[in-house]
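Colleague: For reference, this is query_38.tsv, and it has TSV, C-alpha atoms and all ligand atoms.
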```tsv
chain	number	residue	atom	x	y	z
A	1	MET	CA	10.70	150.04	43.27
A	2	LYS	CA	14.43	150.43	42.68
A	3	PRO	CA	16.95	147.67	43.39
A	4	PHE	CA	17.94	147.62	47.05
A	5	LEU	CA	21.32	149.12	47.90
A	6	ILE	CA	23.34	148.25	51.00
A	7	ALA	CA	25.59	151.08	52.17
A	8	PRO	CA	27.98	150.21	55.02
A	9	SER	CA	28.85	153.23	57.15
A	10	ILE	CA	32.63	153.40	57.40
A	11	LEU	CA	32.18	155.32	60.66
A	12	SER	CA	32.37	151.84	62.20
A	13	ALA	CA	35.31	150.66	60.05
A	14	ASP	CA	38.89	150.43	61.28
A	15	PHE	CA	40.22	153.96	60.65
A	16	ALA	CA	43.83	152.78	61.00
A	17	ARG	CA	43.35	150.67	57.87
A	18	LEU	CA	40.44	152.43	56.21
A	19	GLY	CA	41.31	151.69	52.57
A	20	GLU	CA	41.69	147.99	53.18
A	21	ASP	CA	38.57	147.74	55.35
A	22	THR	CA	36.48	149.68	52.80
A	23	ALA	CA	37.73	147.43	49.99
A	24	SER	CA	36.87	144.37	52.11
A	25	VAL	CA	33.29	145.42	52.72
A	26	LEU	CA	32.81	146.11	49.00
A	27	ALA	CA	34.34	142.75	48.12
A	28	ALA	CA	31.85	141.24	50.58
A	29	GLY	CA	28.97	142.52	48.45
A	30	ALA	CA	28.23	146.09	49.59
A	31	ASP	CA	26.90	148.47	46.91
A	32	VAL	CA	27.77	151.93	48.21
A	33	VAL	CA	30.17	153.42	50.79
A	34	HIS	CA	28.39	155.62	53.35
A	35	PHE	CA	30.77	158.38	54.49
A	36	ASP	CA	29.74	160.21	57.69
A	37	VAL	CA	31.10	163.73	58.10
A	38	MET	CA	30.71	165.21	61.61
A	39	ASP	CA	32.00	168.62	62.66
A	40	ASN	CA	31.65	168.88	66.47
A	41	HIS	CA	29.25	171.76	65.85
A	42	TYR	CA	26.13	170.52	64.10
A	43	VAL	CA	26.65	167.16	65.86
A	44	PRO	CA	28.73	166.38	68.96
A	45	ASN	CA	31.39	164.30	67.24
A	46	LEU	CA	34.29	164.78	64.83
A	47	THR	CA	35.13	162.48	61.95
A	48	ILE	CA	36.59	162.70	58.45
A	49	GLY	CA	36.68	165.15	55.56
A	50	PRO	CA	37.46	165.47	51.84
A	51	LEU	CA	41.14	164.50	52.24
A	52	VAL	CA	40.10	161.08	53.51
A	53	LEU	CA	37.58	160.65	50.70
A	54	LYS	CA	40.28	161.54	48.17
A	55	ALA	CA	42.63	159.05	49.82
A	56	LEU	CA	40.02	156.29	49.41
A	57	ARG	CA	39.69	157.14	45.70
A	58	ASN	CA	43.49	157.11	45.36
A	59	TYR	CA	43.58	153.76	47.11
A	60	GLY	CA	41.36	152.40	44.32
A	61	ILE	CA	37.83	152.55	45.73
A	62	THR	CA	35.60	153.02	42.66
A	63	ALA	CA	32.18	152.26	44.22
A	64	PRO	CA	29.73	155.13	44.72
A	65	ILE	CA	30.51	157.15	47.86
A	66	ASP	CA	27.52	158.56	49.72
A	67	VAL	CA	28.64	161.61	51.71
A	68	HIS	CA	26.37	162.36	54.69
A	69	LEU	CA	27.21	165.88	55.83
A	70	MET	CA	26.47	166.50	59.50
A	71	VAL	CA	28.09	169.93	59.36
A	72	LYS	CA	27.06	173.55	59.67
A	73	PRO	CA	27.52	175.56	57.50
A	74	VAL	CA	27.13	173.23	54.53
A	75	ASP	CA	28.04	175.08	51.33
A	76	ARG	CA	31.76	175.60	51.61
A	77	LEU	CA	32.46	171.87	51.89
A	78	ILE	CA	30.43	170.89	48.82
A	79	PRO	CA	33.04	171.73	46.13
A	80	ASP	CA	35.77	170.01	48.15
A	81	PHE	CA	33.79	166.79	48.50
A	82	ALA	CA	32.74	166.83	44.85
A	83	GLU	CA	36.35	167.29	43.71
A	84	ALA	CA	37.49	164.56	46.10
A	85	GLY	CA	35.17	162.08	44.35
A	86	ALA	CA	31.79	162.08	46.15
A	87	SER	CA	28.88	160.48	44.30
A	88	PHE	CA	25.96	161.49	46.55
A	89	ILE	CA	26.06	164.48	48.91
A	90	THR	CA	23.30	164.86	51.49
A	91	PHE	CA	22.88	167.49	54.20
A	92	HIS	CA	20.48	168.44	56.99
A	93	PRO	CA	18.19	171.31	55.92
A	94	GLU	CA	18.41	173.06	59.31
A	95	ALA	CA	22.21	173.32	58.80
A	96	SER	CA	21.84	175.35	55.58
A	97	GLU	CA	20.66	178.96	55.38
A	98	HIS	CA	19.48	178.40	51.79
A	99	VAL	CA	18.42	174.84	51.15
A	100	ASP	CA	17.60	175.27	47.48
A	101	ARG	CA	20.98	176.90	46.85
A	102	SER	CA	22.87	174.12	48.62
A	103	LEU	CA	21.02	171.45	46.61
A	104	GLN	CA	21.77	173.29	43.38
A	105	LEU	CA	25.42	173.68	44.36
A	106	ILE	CA	25.72	169.90	44.80
A	107	LYS	CA	24.13	169.30	41.39
A	108	ASP	CA	26.27	171.97	39.73
A	109	HIS	CA	29.29	170.05	40.97
A	110	GLY	CA	28.08	166.88	39.27
A	111	CYS	CA	26.91	164.94	42.34
A	112	LYS	CA	23.54	163.51	43.28
A	113	ALA	CA	21.86	165.68	45.91
A	114	GLY	CA	19.72	164.93	48.90
A	115	LEU	CA	18.26	166.09	52.19
A	116	VAL	CA	18.56	164.30	55.53
A	117	LEU	CA	15.62	164.31	57.93
A	118	ASN	CA	16.29	163.77	61.62
A	119	PRO	CA	13.70	161.79	63.58
A	120	ALA	CA	11.93	165.04	64.59
A	121	THR	CA	12.37	167.02	61.34
A	122	PRO	CA	8.96	167.73	59.76
A	123	LEU	CA	8.30	166.54	56.22
A	124	SER	CA	7.45	170.11	55.24
A	125	CYS	CA	11.19	170.64	54.63
A	126	LEU	CA	10.63	168.66	51.43
A	127	ASP	CA	8.11	171.18	50.11
A	128	TYR	CA	9.26	173.10	47.04
A	129	VAL	CA	12.50	171.12	46.56
A	130	MET	CA	11.27	167.67	45.51
A	131	ASP	CA	12.33	168.41	41.93
A	132	LYS	CA	15.92	168.90	43.07
A	133	LEU	CA	16.22	165.71	45.13
A	134	ASP	CA	17.93	162.53	43.94
A	135	ILE	CA	17.78	161.02	47.40
A	136	ILE	CA	16.08	161.49	50.78
A	137	LEU	CA	17.91	160.15	53.81
A	138	LEU	CA	15.70	159.46	56.78
A	139	MET	CA	17.54	159.21	60.09
A	140	SER	CA	16.27	156.45	62.35
A	141	VAL	CA	18.56	157.61	65.19
A	142	ASN	CA	19.65	161.09	66.21
A	143	PRO	CA	22.81	161.88	64.26
A	144	GLY	CA	26.27	161.87	65.79
A	145	PHE	CA	27.18	158.31	66.72
A	146	GLY	CA	27.16	154.79	65.37
A	147	GLY	CA	25.76	151.88	67.34
A	148	GLN	CA	22.49	153.46	68.51
A	149	SER	CA	19.11	151.69	68.52
A	150	PHE	CA	16.59	152.15	65.71
A	151	ILE	CA	13.78	154.51	66.80
A	152	PRO	CA	10.57	152.56	66.03
A	153	GLY	CA	8.46	155.68	65.33
A	154	THR	CA	10.55	156.39	62.25
A	155	LEU	CA	8.85	153.47	60.45
A	156	ASP	CA	5.64	155.43	60.22
A	157	LYS	CA	7.54	158.49	59.01
A	158	LEU	CA	9.24	156.32	56.42
A	159	ARG	CA	5.84	155.27	55.05
A	160	GLN	CA	4.85	158.93	54.80
A	161	VAL	CA	8.04	159.84	52.92
A	162	ARG	CA	7.52	156.85	50.58
A	163	GLN	CA	4.05	158.16	49.83
A	164	ARG	CA	5.37	161.68	49.17
A	165	ILE	CA	7.94	160.31	46.73
A	166	ASP	CA	5.44	158.09	44.93
A	167	GLU	CA	2.89	160.90	44.63
A	168	SER	CA	5.53	163.32	43.35
A	169	GLY	CA	6.41	161.10	40.40
A	170	TYR	CA	10.10	162.00	40.82
A	171	ASP	CA	12.86	159.45	40.71
A	172	ILE	CA	14.11	159.74	44.32
A	173	ARG	CA	15.92	157.14	46.39
A	174	LEU	CA	14.80	156.63	49.99
A	175	GLU	CA	17.68	155.81	52.32
A	176	VAL	CA	17.48	154.91	56.02
A	177	ASP	CA	20.36	155.45	58.45
A	178	GLY	CA	20.74	154.32	62.05
A	179	GLY	CA	20.27	151.05	63.88
A	180	VAL	CA	19.67	149.00	60.71
A	181	LYS	CA	20.32	145.29	61.40
A	182	VAL	CA	19.58	141.90	59.85
A	183	ASP	CA	16.55	141.52	62.11
A	184	ASN	CA	14.83	144.80	61.19
A	185	ILE	CA	15.88	145.42	57.57
A	186	ALA	CA	12.87	143.59	56.10
A	187	GLN	CA	10.45	145.73	58.11
A	188	ILE	CA	12.31	148.89	57.02
A	189	ALA	CA	12.08	147.82	53.38
A	190	GLN	CA	8.37	147.09	53.76
A	191	ALA	CA	7.88	150.63	55.04
A	192	GLY	CA	9.39	151.95	51.80
A	193	ALA	CA	13.19	152.24	52.02
A	194	ASP	CA	15.35	151.16	49.08
A	195	MET	CA	18.82	152.02	50.44
A	196	PHE	CA	20.12	150.86	53.81
A	197	VAL	CA	23.01	152.28	55.81
A	198	ALA	CA	24.49	149.89	58.35
A	199	GLY	CA	27.60	150.60	60.37
A	200	SER	CA	27.94	148.58	63.56
A	201	ALA	CA	25.83	145.69	62.22
A	202	ILE	CA	28.36	145.04	59.46
A	203	PHE	CA	31.72	146.24	60.81
A	204	GLY	CA	30.97	144.86	64.27
A	205	HIS	CA	30.81	141.33	62.84
A	206	PRO	CA	33.92	139.41	61.78
A	207	ASP	CA	32.31	138.13	58.57
A	208	TYR	CA	31.04	141.09	56.49
A	209	ARG	CA	29.82	138.82	53.70
A	210	ALA	CA	27.68	136.78	56.09
A	211	VAL	CA	25.93	139.92	57.37
A	212	ILE	CA	25.39	141.39	53.90
A	213	ASP	CA	24.11	138.06	52.55
A	214	ASN	CA	21.74	137.75	55.51
A	215	MET	CA	20.49	141.30	54.89
A	216	ARG	CA	19.87	140.49	51.22
A	217	SER	CA	18.04	137.31	52.06
A	218	GLU	CA	15.82	139.24	54.50
A	219	LEU	CA	15.17	141.77	51.71
A	220	SER	CA	14.16	139.08	49.26
A	221	LYS	CA	11.51	137.59	51.58
A	301	LIG	C1	24.92	158.42	62.64
A	301	LIG	C2	25.48	158.12	61.27
A	301	LIG	C3	25.25	156.73	60.82
A	301	LIG	C4	25.90	155.68	61.66
A	301	LIG	C5	25.12	154.44	61.54
A	301	LIG	O1	24.95	159.79	62.85
A	301	LIG	O2	24.91	158.98	60.30
A	301	LIG	O3	25.58	156.58	59.46
A	301	LIG	O4	27.23	155.42	61.30
A	301	LIG	O5	25.64	153.49	62.41
A	301	LIG	P1	24.80	152.24	62.93
A	301	LIG	O6	24.43	151.44	61.72
A	301	LIG	O7	25.76	151.57	63.82
A	301	LIG	O8	23.59	152.79	63.63
A	302	ZN	ZN	25.14	158.55	58.16
```
Please re-express this file's structure in structure tokens.
Modeller:
Amino acid sequence: MKPFLIAPSILSADFARLGEDTASVLAAGADVVHFDVMDNHYVPNLTIGPLVLKALRNYGITAPIDVHLMVKPVDRLIPDFAEAGASFITFHPEASEHVDRSLQLIKDHGCKAGLVLNPATPLSCLDYVMDKLDIILLMSVNPGFGGQSFIPGTLDKLRQVRQRIDESGYDIRLEVDGGVKVDNIAQIAQAGADMFVAGSAIFGHPDYRAVIDNMRSELSK
């Protein structure tokens, strides 16, 4: 099992002072910045793009940035995000006409590549592309908004994805996104996740370090 990574979703950060808030959450012990890109087409919400990612890099954010693309089409944004400084780029397979091509495009631009599975997306979308995946992101809410409740049925799906990864022998991270809190993170880890996105649980609390420390202590139980 890989070391656990905590990835605060800056969707719930203060956008008026995004650089400072992102630096604060990293200083509080976060490992990765989760960067949610929504296009008001694939999902019913509109957020931030490559210019904002580049601004965070210019501000001095050096931590890995995990770009979660909730956009359709996918491909034309990949070079822009890679050049802006993305570390991971993940996308939803139903938003790409050619999933293998999109994964390869991400890798050709020097980023780690991954697929995102919605709660109702079948695992068959992983067939034939496991060798191209650095990460699988399993949604535990329907994408589009922060602050939703974790869908309990996704725990069983998580176990199935863990098994697929282990049987494949590939070195693939398993990330969970949506409704992750201090009181369910241990259960999510037990089901096989090794990377945890948390937006409202962290940014909705005045003391980021306290939440992240509590998450880590739950993970070490
Ligand atoms: C939802 C986003 C999530 C969201 C998570 O579409 O992909 O990353 O910000 O927020 P919480 O942790 O509040 O569920
Ligand atoms: Zn996300």
Colleague: If you count only C-alpha atoms, which residues fall within 7 Å of segment 203-209 of chain A, apart from same-chain ones fewer than 5 positions away, as a list in words?
Modeller: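 So, after excluding close chain neighbours, the residues are Ser12, Ala13, Val25, Ala28 and Gly29 of chain A.
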Colleague: With C-alpha atoms retained, write the just-selected residues as a tab-separated table (two decimals), in the coordinates of the input.
Modeller:
```tsv
chain	number	residue	atom	x	y	z
A	12	SER	CA	32.37	151.84	62.20
A	13	ALA	CA	35.31	150.66	60.05
A	25	VAL	CA	33.29	145.42	52.72
A	28	ALA	CA	31.85	141.24	50.58
A	29	GLY	CA	28.97	142.52	48.45
```
Colleague: In the coordinate frame of the file, compute which residues have an atom within 8 Å of (33.2, 169.0, 61.1) when using only C-alpha atoms, and state them as a VMD selection string.
Modeller: chain A and resid 37 to 42 45 to 49 70 to 72
Colleague: Would you list the residues that come within 10 Å of ligand LIG 301 (chain A)? Count only C-alpha atoms and all ligand atoms and give the answer as a VMD selection string.
Modeller: chain A and resid 7 to 13 34 to 38 43 to 45 67 to 70 116 118 137 to 150 176 to 181 196 to 204
Colleague: Calculate how many Å separate atom CA of Val33 of chain A from atom CA of Leu219 of chain A, rounding to one decimal.
Modeller: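 Those two atoms sit 19.0 Å apart.
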Colleague: Atom CA of Phe81 of chain A and atom CA of Pro50 of chain A are how many Å apart?
Modeller: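 Those two atoms sit 5.1 Å apart.
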Colleague: Set the distance at 8 Å and use all atoms listed in the file: which residues neighbour Arg57 of chain A once local chain neighbours fewer than 4 positions away are removed? I'd like the list as a PyMOL selection string.
Modeller: chain A and resi 53+61-62+84-85
Colleague: With C-alpha atoms retained, write the just-selected residues as a tab-separated table (two decimals), keeping the file's coordinate frame.
Modeller:
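Below is the file out.tsv, written as the result:
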```
chain	number	residue	atom	x	y	z
A	53	LEU	CA	37.58	160.65	50.70
A	61	ILE	CA	37.83	152.55	45.73
A	62	THR	CA	35.60	153.02	42.66
A	84	ALA	CA	37.49	164.56	46.10
A	85	GLY	CA	35.17	162.08	44.35
```
Colleague: Hey, could you patch up segment 147-176 of chain A with N, CA and C atoms and hand it over as a PDB file, keeping the file's coordinate frame?
Modeller:
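Output file rebuild-v1.pdb is given in full below:
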```pdb
ATOM      1  N   GLY A 147      26.096 152.844  66.292  1.00  0.00           N
ATOM      2  CA  GLY A 147      25.760 151.880  67.340  1.00  0.00           C
ATOM      3  C   GLY A 147      24.549 152.219  68.179  1.00  0.00           C
ATOM      4  N   GLN A 148      23.705 153.143  67.743  1.00  0.00           N
ATOM      5  CA  GLN A 148      22.490 153.460  68.510  1.00  0.00           C
ATOM      6  C   GLN A 148      21.341 152.554  68.044  1.00  0.00           C
ATOM      7  N   SER A 149      20.260 152.546  68.856  1.00  0.00           N
ATOM      8  CA  SER A 149      19.110 151.690  68.520  1.00  0.00           C
ATOM      9  C   SER A 149      18.147 152.410  67.590  1.00  0.00           C
ATOM     10  N   PHE A 150      17.610 151.662  66.650  1.00  0.00           N
ATOM     11  CA  PHE A 150      16.590 152.150  65.710  1.00  0.00           C
ATOM     12  C   PHE A 150      15.387 152.697  66.485  1.00  0.00           C
ATOM     13  N   ILE A 151      14.943 153.900  66.131  1.00  0.00           N
ATOM     14  CA  ILE A 151      13.780 154.510  66.800  1.00  0.00           C
ATOM     15  C   ILE A 151      12.519 154.026  66.069  1.00  0.00           C
ATOM     16  N   PRO A 152      11.680 153.213  66.739  1.00  0.00           N
ATOM     17  CA  PRO A 152      10.570 152.560  66.030  1.00  0.00           C
ATOM     18  C   PRO A 152       9.606 153.525  65.328  1.00  0.00           C
ATOM     19  N   GLY A 153       9.395 154.711  65.916  1.00  0.00           N
ATOM     20  CA  GLY A 153       8.460 155.680  65.330  1.00  0.00           C
ATOM     21  C   GLY A 153       8.867 156.141  63.937  1.00  0.00           C
ATOM     22  N   THR A 154      10.118 155.934  63.585  1.00  0.00           N
ATOM     23  CA  THR A 154      10.550 156.390  62.250  1.00  0.00           C
ATOM     24  C   THR A 154       9.973 155.513  61.139  1.00  0.00           C
ATOM     25  N   LEU A 155       9.457 154.316  61.497  1.00  0.00           N
ATOM     26  CA  LEU A 155       8.850 153.470  60.450  1.00  0.00           C
ATOM     27  C   LEU A 155       7.628 154.140  59.853  1.00  0.00           C
ATOM     28  N   ASP A 156       6.838 154.766  60.716  1.00  0.00           N
ATOM     29  CA  ASP A 156       5.640 155.430  60.220  1.00  0.00           C
ATOM     30  C   ASP A 156       6.021 156.637  59.353  1.00  0.00           C
ATOM     31  N   LYS A 157       7.063 157.337  59.793  1.00  0.00           N
ATOM     32  CA  LYS A 157       7.540 158.490  59.010  1.00  0.00           C
ATOM     33  C   LYS A 157       8.060 158.028  57.646  1.00  0.00           C
ATOM     34  N   LEU A 158       8.722 156.890  57.660  1.00  0.00           N
ATOM     35  CA  LEU A 158       9.240 156.320  56.420  1.00  0.00           C
ATOM     36  C   LEU A 158       8.100 156.059  55.421  1.00  0.00           C
ATOM     37  N   ARG A 159       6.999 155.522  55.931  1.00  0.00           N
ATOM     38  CA  ARG A 159       5.840 155.270  55.050  1.00  0.00           C
ATOM     39  C   ARG A 159       5.333 156.588  54.463  1.00  0.00           C
ATOM     40  N   GLN A 160       5.336 157.625  55.294  1.00  0.00           N
ATOM     41  CA  GLN A 160       4.850 158.930  54.800  1.00  0.00           C
ATOM     42  C   GLN A 160       5.783 159.488  53.736  1.00  0.00           C
ATOM     43  N   VAL A 161       7.093 159.330  53.927  1.00  0.00           N
ATOM     44  CA  VAL A 161       8.040 159.840  52.920  1.00  0.00           C
ATOM     45  C   VAL A 161       7.899 159.030  51.631  1.00  0.00           C
ATOM     46  N   ARG A 162       7.725 157.709  51.772  1.00  0.00           N
ATOM     47  CA  ARG A 162       7.520 156.850  50.580  1.00  0.00           C
ATOM     48  C   ARG A 162       6.327 157.351  49.779  1.00  0.00           C
ATOM     49  N   GLN A 163       5.258 157.687  50.500  1.00  0.00           N
ATOM     50  CA  GLN A 163       4.050 158.160  49.830  1.00  0.00           C
ATOM     51  C   GLN A 163       4.307 159.489  49.114  1.00  0.00           C
ATOM     52  N   ARG A 164       5.038 160.374  49.798  1.00  0.00           N
ATOM     53  CA  ARG A 164       5.370 161.680  49.170  1.00  0.00           C
ATOM     54  C   ARG A 164       6.148 161.468  47.878  1.00  0.00           C
ATOM     55  N   ILE A 165       7.121 160.559  47.921  1.00  0.00           N
ATOM     56  CA  ILE A 165       7.940 160.310  46.730  1.00  0.00           C
ATOM     57  C   ILE A 165       7.064 159.737  45.616  1.00  0.00           C
ATOM     58  N   ASP A 166       6.252 158.743  45.956  1.00  0.00           N
ATOM     59  CA  ASP A 166       5.440 158.090  44.930  1.00  0.00           C
ATOM     60  C   ASP A 166       4.458 159.090  44.312  1.00  0.00           C
ATOM     61  N   GLU A 167       3.847 159.923  45.149  1.00  0.00           N
ATOM     62  CA  GLU A 167       2.890 160.900  44.630  1.00  0.00           C
ATOM     63  C   GLU A 167       3.566 161.965  43.783  1.00  0.00           C
ATOM     64  N   SER A 168       4.826 162.248  44.089  1.00  0.00           N
ATOM     65  CA  SER A 168       5.530 163.320  43.350  1.00  0.00           C
ATOM     66  C   SER A 168       5.863 162.898  41.930  1.00  0.00           C
ATOM     67  N   GLY A 169       6.013 161.580  41.726  1.00  0.00           N
ATOM     68  CA  GLY A 169       6.410 161.100  40.400  1.00  0.00           C
ATOM     69  C   GLY A 169       7.897 161.271  40.113  1.00  0.00           C
ATOM     70  N   TYR A 170       8.654 161.840  41.034  1.00  0.00           N
ATOM     71  CA  TYR A 170      10.100 162.000  40.820  1.00  0.00           C
ATOM     72  C   TYR A 170      10.839 160.721  41.163  1.00  0.00           C
ATOM     73  N   ASP A 171      12.017 160.626  40.544  1.00  0.00           N
ATOM     74  CA  ASP A 171      12.860 159.450  40.710  1.00  0.00           C
ATOM     75  C   ASP A 171      13.813 159.703  41.893  1.00  0.00           C
ATOM     76  N   ILE A 172      13.357 159.392  43.106  1.00  0.00           N
ATOM     77  CA  ILE A 172      14.110 159.740  44.320  1.00  0.00           C
ATOM     78  C   ILE A 172      14.351 158.480  45.141  1.00  0.00           C
ATOM     79  N   ARG A 173      15.609 158.267  45.501  1.00  0.00           N
ATOM     80  CA  ARG A 173      15.920 157.140  46.390  1.00  0.00           C
ATOM     81  C   ARG A 173      15.533 157.470  47.817  1.00  0.00           C
ATOM     82  N   LEU A 174      15.162 156.440  48.581  1.00  0.00           N
ATOM     83  CA  LEU A 174      14.800 156.630  49.990  1.00  0.00           C
ATOM     84  C   LEU A 174      15.730 155.761  50.854  1.00  0.00           C
ATOM     85  N   GLU A 175      16.610 156.458  51.557  1.00  0.00           N
ATOM     86  CA  GLU A 175      17.680 155.810  52.320  1.00  0.00           C
ATOM     87  C   GLU A 175      17.366 155.919  53.818  1.00  0.00           C
ATOM     88  N   VAL A 176      17.694 154.888  54.566  1.00  0.00           N
ATOM     89  CA  VAL A 176      17.480 154.910  56.020  1.00  0.00           C
ATOM     90  C   VAL A 176      18.825 154.691  56.711  1.00  0.00           C
TER      91      VAL A 176
END
```
